Amino acid sequence: MIKFNIVKNKIAEAFLLISLFFLSFIPRLYKIDNPVADWHSWRQSDTAAVIRNLAVEEFNLFYPRAHNFFPMSEGSLPNPERYFLNEFPFYNAISAGLYLIFGVNEMYARLVSVLFSSLTSVFLYMLAKKFIKKPLAFLSAIFFSILPFNVYYGRTIMPDPTFIFFSVLSLYLIACWTEKENFYLAVLSAVSLALGMLVKPYVIFLGLPIAYLVIRKWGLKTFKRLDVYLIIIVSFLPIILWRWHINQHPEGMFGSGWLINQGNIRFKGSFFRWLIFDRMNRLIFATGGFVLFWIGIISKRTKKEGMFFLAWLLAIAAYMTYFARGNVTHDYYQLPLVPIGCIFIAKGVAFLMGQGKDLLSKLIDKGLALVFVLLMLAFGWYEVRGFFNINHPEIVEAGQAVDELIPKDARVIAPYNRDPAFLYQTNRNGWSDVGPIEKWVKEEGATHYVSVNFDEITNKLMKSCEVIEKTDEYVIVDLRKCND
């Protein structure tokens with residue numbers, strides 16, 4: 001009888017995990033076949049270019065290449081090899097592997113993000129249930145699965161869904177390790193942390209909740225444990241080596257110093273307005289979830305939970321504060337807030353559901369909890385529905401025309417305010433903005449100019465050079481056939 005119950009419980013748990021996975025997976029299939037021209041296409045197109053070039057040029061993870069000859073940052077060195085040396089291309093490599101098997105199609109890169117995001121909901125549940133009751137952990141994972149902001153970014157061609165996966169997985173493995181004191185769990189934790197930091201070094205901020213779990217378990221004896229030092233060394237060595245490697249090629253590196261506090265925005269009114277009012281309240285948790293989030297923070301903590309969730313939240317707050325300008329500029333920088341935020345939203349729901357001493361007050365409190373959740377989903381969808389739109393389909397149309405009409409080895413100038421999304425659509429190497437065109441033609445081999453903006457430069461080139469194709473939306477000019 002006991003064995004039967006154990007098997008029954010395991011089957012129920014497996015069904016629960018599978019349900020969570022598909023609850024995340026299915027919504028993220030919405031517009032999965034979108035071209036790389038939706039929200040934040042500038043970041044997605046660089047990532048997509050690296051993936052495509054790994055598949056069609058050279059599968060070299062140490063020297064990932066995009067399409068752009070432009071220097072990676074303003075005033076930096078020329079970038080003739082088109083290096084794109086930022087995060088280690090772990091996500092890109094998996095996506096490129098699918099390209100090699102099934103053919104080049106951005107949908108496969110999106111599906112990799114969907115997979116990692118869906119697995120995150122599973123491990124978020126498994127992590128949360130170690131500290132709070134199973135129904136509450138399950139509710140946390142449900143919110144992670146269906147939060148509209150998270151649904152959109154869970155199917156983008158960006159390394160961030162992979163980064164969030166390794167963040168949650170690492171915390172789960174660390175929690176298991178401190179509970180069971182198993183050496184193999186320590187190794188797995190170290191590997192997960194190492195991969196997470198290679199994908200995005202921001203994982204380092206999780207050192208705070210990790211330190212809380214470890215010190216709560218062993219206290220000062222922590223510093224006598226060899227497995228602790230193993231985790232530290234294995235976690236940090238790969239990212240140190242990667243950073244050393246890319247520093248040898250500054251022409252391919254982002255100028256990322258501005259992300260910290262450009263304009264001295266940290267702690268100014270605009271800093272709080274953008275991150276708290278606009279992002280957390282309006283966009284991410286969408287009013288209803290924002291209220292539940294704060295209720296969850298002040299709700300009663302379990303003995304198992306202790307200060308772990310608060311330490312996790314504090315770590316994310318420290319990350320958002322340190323990279324103040326990056327978080328104010330880019331909404332996707334707040335993705336690390338989503339997992340812990342969903343836990344606090346679930347705690348907020350539980351708090352309201354547990355209030356009320358008579359039938360009427362219980363109905364009111366439960367009704368309020370339901371209303372807040374519905375507001376979160378309704379307002380959240382209202383805010384992010386436009387993210388899925390292709391607001392400039394002309395760059396896709398022009399890119400397809402270029403890909404059909406000009407040679408594969410052509411070098412294209414595709415001006416789009418240095419946004420590489422247009423250049424990516426051409427499937428050619430080149431430049432994403434107007435510059436010294438004559439110099440590029442003579443010295444760097446620029447062969448064609450394509451534009452969706454009929455400005456003064458475009459009109460001048462149309463008069464002096466051969467026009468390959470012109471429509472109301474775009475024009476393609478052959479720079480090799482121009483009047484002197």
# chains A, B, ... in the order shown; residues from 1 in each chain; ligands from 1
>>> residues_around(residues="region 364-374 of chain A", least_positions_apart="6", cutoff="8 Å", atoms="only C-alpha atoms", output="PyMOL selection string")
chain A and resi 287-289+291-292+349+352-353+355-356
>>> residues_around(residues="Gly445 (chain A)", least_positions_apart="6", cutoff="10 Å", atoms="only C-alpha atoms", output="NGL selection string")
:A and (410-412 or 430 or 438-439 or 479-480)
>>> select_by_dssp(residues="region 92-288 of chain A", states="helix (DSSP H, G or I)", output="PyMOL selection string")
chain A and resi 92-102+106-128+134-146+148-153+160-180+183-199+201-224+226-247+250-252+258-264+269-284+288
>>> residues_around(residues="Val50 (chain A)", least_positions_apart="3", cutoff="6 Å", atoms="only C-alpha atoms", output="PyMOL selection string")
chain A and resi 47+53+64-66
>>> residues_around(residues="region 131-146 of chain A", least_positions_apart="6", cutoff="7 Å", atoms="only C-alpha atoms", output="PyMOL selection string")
chain A and resi 20+23-24+121-122+124-125+302+304-305+339+342-343+346-347
>>> closest_residue(among="A:Ile298, A:Ala49, A:Val104, A:Leu310", to="Tyr83 (chain A)", atoms="only C-alpha atoms")
A:Ala49
>>> closest_residue(among="A:Ile94, A:Leu206, A:Val467, A:Ala175", to="Arg110 (chain A)", atoms="only C-alpha atoms")
A:Ile94
